[in-house]
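Scroll down for the structure; my scribbles are underneath it.
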Amino acid sequence: MEEDNKQTPQSERPAKGIPLLLWDLRNLKIPALCIFLYWLIVRILFGQFCPLRIITGIPCPGCGMTRAALSVLTFHFAQALEYHPLIYFWILWIALELICRYVLGRNLPFRRAWLGILLAVTLGLYFYRMTVVFPGNPPMVYTEDNVLSSWIPGYKELIEHIIQKKSVALLSLQN
């Protein structure tokens, strides 16, 4: 007796090139749809994408990265550095990943180590920006309209007090 529900085996993963890119796109359609729906919903509800900024009002380690990438795409290279100084390192890492995967058909050598180093440098820069630059020019600004400030009485005042104390401390260090 033949089975009516025969499952065809998933096609083999292509080695490289356009077939691999199309295979990846086909297999990533659900995660891509979820990210798009998240983006759409939070843009409508909060006008922003970053969950840390939406919840706390404080910029995240990647804040400014999207604006920096858009600045690179529109040939505003200096502005890209102002938005996020590591944009060119992230572009380089992504380009190397794409070249290795789709042109050479292999993984980037030491990819986890390189990604770990890049993430560590990004966190180090974030610590620097939060202690020296924040609050300053966008994207390193406090967003008053955040979830915690509407849920927790006094949250906004607490953050503003911390920012004021930090500013006074930095001014005293400069003098």
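Chain labels A, B, ... are given in the sequence in which chains occur in the structure tokens; within each chain residues are numbered consecutively from 1, and ligands are likewise numbered from 1 in the order shown.
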
| DSSP alpha helix (DSSP H) residues within chain A, listed as JSON, numbers by chain | {"A": [17, 18, 19, 20, 21, 22, 23, 24, 25, 26, 27, 29, 30, 31, 32, 33, 34, 35, 36, 37, 38, 39, 40, 41, 42, 43, 44, 45, 46, 51, 52, 53, 54, 55, 56, 65, 66, 67, 68, 69, 70, 71, 72, 73, 77, 78, 79, 80, 81, 82, 83, 87, 88, 89, 90, 91, 92, 93, 94, 95, 96, 97, 98, 111, 112, 113, 114, 115, 116, 117, 118, 119, 120, 121, 122, 123, 124, 125, 126, 127, 128, 147, 148, 149, 150, 151, 155, 156, 157, 158, 159, 160, 161, 162, 163, 164, 165, 166, 167, 168, 169, 170, 171, 172, 173, 174]}

| field | Nearby residues (only C-alpha atoms) at most 10 Å from Pro61 of chain A, same-chain spacing under 2 positions excluded, as a list in words | value |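 In the requested format, the answer is Leu52, Ile58, Pro59, Cys63, Gly64, Met65, His84, Leu119, Thr122, Leu123, Gly124, Leu125, Tyr126, Phe127, Arg129, Met130 and Met140 of chain A.
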
| field | Pick from A:Ala15, A:Ile54, A:Ile87, A:Leu37 nearest to Gly105 of chain A, counting only C-alpha atoms | value |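 Nearest to Gly105 of chain A: A:Ala15.
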
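Summary of the local environment: counting only C-alpha atoms, residues at most 10 Å from Arg106 of chain A, other than itself and those fewer than 5 positions away along its chain, are Ala15, Lys16, Glu97, Leu98, Ile99, Cys100 and Arg101 of chain A.
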
| request: Compare A:Leu86, A:Tyr102, A:Trp39, A:Thr66 by their minimum atom-to-atom distance to Asp24 of chain A, counting only C-alpha atoms, and give me the closest one. | output: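 That would be A:Tyr102, the residue with the smallest distance to Asp24 of chain A.
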
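For the atom pair formed by atom CA of Ile41 of chain A and atom CA of Ile55 of chain A, the distance is 14.6 Å, given to one decimal.
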
| Selection: 10 Å around Thr131 of chain A, only C-alpha atoms, excl. self and same-chain fewer than 6 positions, as number ranges by chain | A: 125, 163, 166-167, 170

Same residues, all heavy atoms, saved as an mmCIF file, in the first residue's frame:
data_model
loop_
_atom_site.group_PDB
_atom_site.id
_atom_site.type_symbol
_atom_site.label_atom_id
_atom_site.label_comp_id
_atom_site.auth_asym_id
_atom_site.auth_seq_id
_atom_site.Cartn_x
_atom_site.Cartn_y
_atom_site.Cartn_z
ATOM 1 N N LEU A 125 33.484 50.157 23.162
ATOM 2 C CA LEU A 125 33.122 51.475 22.644
ATOM 3 C C LEU A 125 31.828 51.963 23.292
ATOM 4 O O LEU A 125 31.702 53.144 23.625
ATOM 5 C CB LEU A 125 32.969 51.433 21.126
ATOM 6 C CG LEU A 125 32.507 52.736 20.484
ATOM 7 C CD1 LEU A 125 33.571 53.824 20.647
ATOM 8 C CD2 LEU A 125 32.160 52.531 19.030
ATOM 9 N N ILE A 163 22.129 61.436 34.904
ATOM 10 C CA ILE A 163 22.776 62.153 33.800
ATOM 11 C C ILE A 163 23.372 63.467 34.298
ATOM 12 O O ILE A 163 24.501 63.827 33.955
ATOM 13 C CB ILE A 163 21.777 62.382 32.644
ATOM 14 C CG1 ILE A 163 21.436 61.051 31.971
ATOM 15 C CG2 ILE A 163 22.334 63.383 31.637
ATOM 16 C CD1 ILE A 163 20.284 61.127 30.990
ATOM 17 N N LYS A 166 26.455 62.768 36.399
ATOM 18 C CA LYS A 166 27.541 62.354 35.518
ATOM 19 C C LYS A 166 28.144 63.564 34.818
ATOM 20 O O LYS A 166 29.367 63.702 34.721
ATOM 21 C CB LYS A 166 27.027 61.348 34.496
ATOM 22 C CG LYS A 166 28.091 60.814 33.572
ATOM 23 C CD LYS A 166 27.448 59.900 32.559
ATOM 24 C CE LYS A 166 27.992 60.015 31.221
ATOM 25 N NZ LYS A 166 27.901 61.048 30.365
ATOM 26 N N SER A 167 27.302 64.468 34.349
ATOM 27 C CA SER A 167 27.784 65.674 33.665
ATOM 28 C C SER A 167 28.610 66.541 34.602
ATOM 29 O O SER A 167 29.663 67.056 34.217
ATOM 30 C CB SER A 167 26.609 66.474 33.107
ATOM 31 O OG SER A 167 25.895 65.706 32.168
ATOM 32 N N LEU A 170 31.997 64.835 35.124
ATOM 33 C CA LEU A 170 32.875 64.991 33.972
ATOM 34 C C LEU A 170 33.425 66.408 33.873
ATOM 35 O O LEU A 170 34.596 66.602 33.534
ATOM 36 C CB LEU A 170 32.136 64.610 32.686
ATOM 37 C CG LEU A 170 31.934 63.122 32.444
ATOM 38 C CD1 LEU A 170 31.064 62.883 31.214
ATOM 39 C CD2 LEU A 170 33.255 62.410 32.307
#

For Phe46 of chain A: contacts at 12 Å, only C-alpha atoms, fewer than 4 positions along chain excluded, given as a tab-separated table (two decimals) with all heavy atoms, in the first residue's frame:
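Here's the written file result.tsv:
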chain	number	residue	atom	x	y	z
A	38	TYR	N	8.23	42.42	13.55
A	38	TYR	CA	8.69	43.11	14.76
A	38	TYR	C	8.97	44.57	14.43
A	38	TYR	O	8.52	45.48	15.13
A	38	TYR	CB	9.95	42.44	15.32
A	38	TYR	CG	10.64	43.31	16.35
A	38	TYR	CD1	10.18	43.34	17.66
A	38	TYR	CD2	11.73	44.11	16.03
A	38	TYR	CE1	10.79	44.15	18.62
A	38	TYR	CE2	12.35	44.91	16.96
A	38	TYR	CZ	11.87	44.94	18.26
A	38	TYR	OH	12.47	45.75	19.18
A	39	TRP	N	9.73	44.80	13.35
A	39	TRP	CA	10.07	46.17	12.94
A	39	TRP	C	8.80	46.98	12.71
A	39	TRP	O	8.69	48.11	13.20
A	39	TRP	CB	10.92	46.15	11.68
A	39	TRP	CG	11.17	47.51	11.12
A	39	TRP	CD1	12.15	48.38	11.51
A	39	TRP	CD2	10.42	48.18	10.10
A	39	TRP	NE1	12.04	49.55	10.79
A	39	TRP	CE2	11.00	49.45	9.92
A	39	TRP	CE3	9.32	47.82	9.33
A	39	TRP	CZ2	10.52	50.36	8.99
A	39	TRP	CZ3	8.85	48.74	8.40
A	39	TRP	CH2	9.44	49.99	8.25
A	40	LEU	N	7.86	46.43	11.98
A	40	LEU	CA	6.62	47.13	11.66
A	40	LEU	C	5.83	47.46	12.93
A	40	LEU	O	5.39	48.61	13.13
A	40	LEU	CB	5.77	46.29	10.71
A	40	LEU	CG	4.48	46.92	10.21
A	40	LEU	CD1	4.79	48.15	9.36
A	40	LEU	CD2	3.69	45.90	9.41
A	41	ILE	N	5.68	46.50	13.81
A	41	ILE	CA	4.88	46.70	15.03
A	41	ILE	C	5.52	47.73	15.95
A	41	ILE	O	4.86	48.66	16.42
A	41	ILE	CB	4.64	45.35	15.75
A	41	ILE	CG1	3.72	44.47	14.91
A	41	ILE	CG2	4.09	45.58	17.14
A	41	ILE	CD1	3.65	43.03	15.36
A	42	VAL	N	6.83	47.60	16.21
A	42	VAL	CA	7.46	48.56	17.13
A	42	VAL	C	7.58	49.94	16.50
A	42	VAL	O	7.54	50.94	17.22
A	42	VAL	CB	8.82	48.07	17.68
A	42	VAL	CG1	8.66	46.81	18.47
A	42	VAL	CG2	9.86	47.91	16.60
A	50	CYS	N	14.98	49.77	18.37
A	50	CYS	CA	15.83	49.20	19.42
A	50	CYS	C	15.04	48.88	20.69
A	50	CYS	O	14.47	49.78	21.32
A	50	CYS	CB	16.95	50.18	19.76
A	50	CYS	SG	18.00	49.65	21.11
A	51	PRO	N	15.00	47.61	21.11
A	51	PRO	CA	14.23	47.26	22.31
A	51	PRO	C	14.77	47.92	23.59
A	51	PRO	O	14.00	48.30	24.46
A	51	PRO	CB	14.31	45.74	22.40
A	51	PRO	CG	15.28	45.31	21.38
A	51	PRO	CD	15.58	46.44	20.47
A	52	LEU	N	16.10	48.07	23.69
A	52	LEU	CA	16.66	48.70	24.89
A	52	LEU	C	16.22	50.16	24.99
A	52	LEU	O	15.82	50.62	26.06
A	52	LEU	CB	18.20	48.62	24.88
A	52	LEU	CG	18.89	49.14	26.13
A	52	LEU	CD1	18.53	48.29	27.35
A	52	LEU	CD2	20.40	49.16	25.93
A	53	ARG	N	16.27	50.87	23.89
A	53	ARG	CA	15.84	52.27	23.88
A	53	ARG	C	14.34	52.38	24.12
A	53	ARG	O	13.88	53.28	24.83
A	53	ARG	CB	16.22	52.96	22.58
A	53	ARG	CG	15.96	54.46	22.63
A	53	ARG	CD	16.36	55.16	21.36
A	53	ARG	NE	17.77	55.20	21.13
A	53	ARG	CZ	18.57	56.18	21.53
A	53	ARG	NH1	18.07	57.19	22.22
A	53	ARG	NH2	19.85	56.17	21.25
A	54	ILE	N	13.55	51.48	23.55
A	54	ILE	CA	12.10	51.50	23.74
A	54	ILE	C	11.76	51.29	25.22
A	54	ILE	O	10.92	51.99	25.78
A	54	ILE	CB	11.41	50.43	22.87
A	54	ILE	CG1	11.49	50.83	21.39
A	54	ILE	CG2	9.96	50.21	23.29
A	54	ILE	CD1	11.10	49.71	20.43
A	55	ILE	N	12.44	50.34	25.85
A	55	ILE	CA	12.11	50.00	27.23
A	55	ILE	C	12.72	50.99	28.23
A	55	ILE	O	12.04	51.47	29.12
A	55	ILE	CB	12.55	48.55	27.56
A	55	ILE	CG1	11.72	47.57	26.73
A	55	ILE	CG2	12.40	48.25	29.04
A	55	ILE	CD1	12.22	46.15	26.74
A	57	GLY	N	14.94	53.83	27.36
A	57	GLY	CA	15.27	55.16	26.88
A	57	GLY	C	16.75	55.38	26.69
A	57	GLY	O	17.20	56.44	26.27
A	143	THR	N	16.02	58.93	25.55
A	143	THR	CA	14.68	59.04	24.99
A	143	THR	C	13.69	59.06	26.14
A	143	THR	O	13.50	58.04	26.81
A	143	THR	CB	14.39	57.86	24.04
A	143	THR	OG1	15.40	57.82	23.04
A	143	THR	CG2	13.02	58.00	23.40
A	144	GLU	N	13.10	60.21	26.39
A	144	GLU	CA	12.20	60.36	27.53
A	144	GLU	C	10.93	59.52	27.40
A	144	GLU	O	10.38	59.06	28.39
A	144	GLU	CB	11.83	61.83	27.71
A	144	GLU	CG	12.99	62.68	28.14
A	144	GLU	CD	12.60	64.13	28.34
A	144	GLU	OE1	11.40	64.47	28.23
A	144	GLU	OE2	13.51	64.93	28.62
A	145	ASP	N	10.47	59.35	26.18
A	145	ASP	CA	9.24	58.58	25.95
A	145	ASP	C	9.59	57.10	25.85
A	145	ASP	O	9.70	56.54	24.77
A	145	ASP	CB	8.57	59.08	24.66
A	145	ASP	CG	7.23	58.43	24.42
A	145	ASP	OD1	6.62	57.95	25.39
A	145	ASP	OD2	6.78	58.38	23.26
A	146	ASN	N	9.79	56.45	27.01
A	146	ASN	CA	10.12	55.03	27.04
A	146	ASN	C	9.14	54.29	27.95
A	146	ASN	O	8.39	54.91	28.70
A	146	ASN	CB	11.57	54.82	27.48
A	146	ASN	CG	11.84	55.34	28.87
A	146	ASN	OD1	11.38	54.76	29.85
A	146	ASN	ND2	12.57	56.45	28.97
A	147	VAL	N	9.16	52.98	27.87
A	147	VAL	CA	8.20	52.15	28.61
A	147	VAL	C	8.37	52.31	30.12
A	147	VAL	O	7.39	52.49	30.85
A	147	VAL	CB	8.33	50.67	28.18
A	147	VAL	CG1	7.46	49.78	29.06
A	147	VAL	CG2	7.95	50.50	26.71

| query | Using only C-alpha atoms, which residues sit within 12 Å of Tyr88 of chain A once same-chain residues fewer than 2 positions away are excluded, as number ranges by chain? | reply | A: 65, 68-69, 71-73, 77-78, 80-86, 90-95, 118
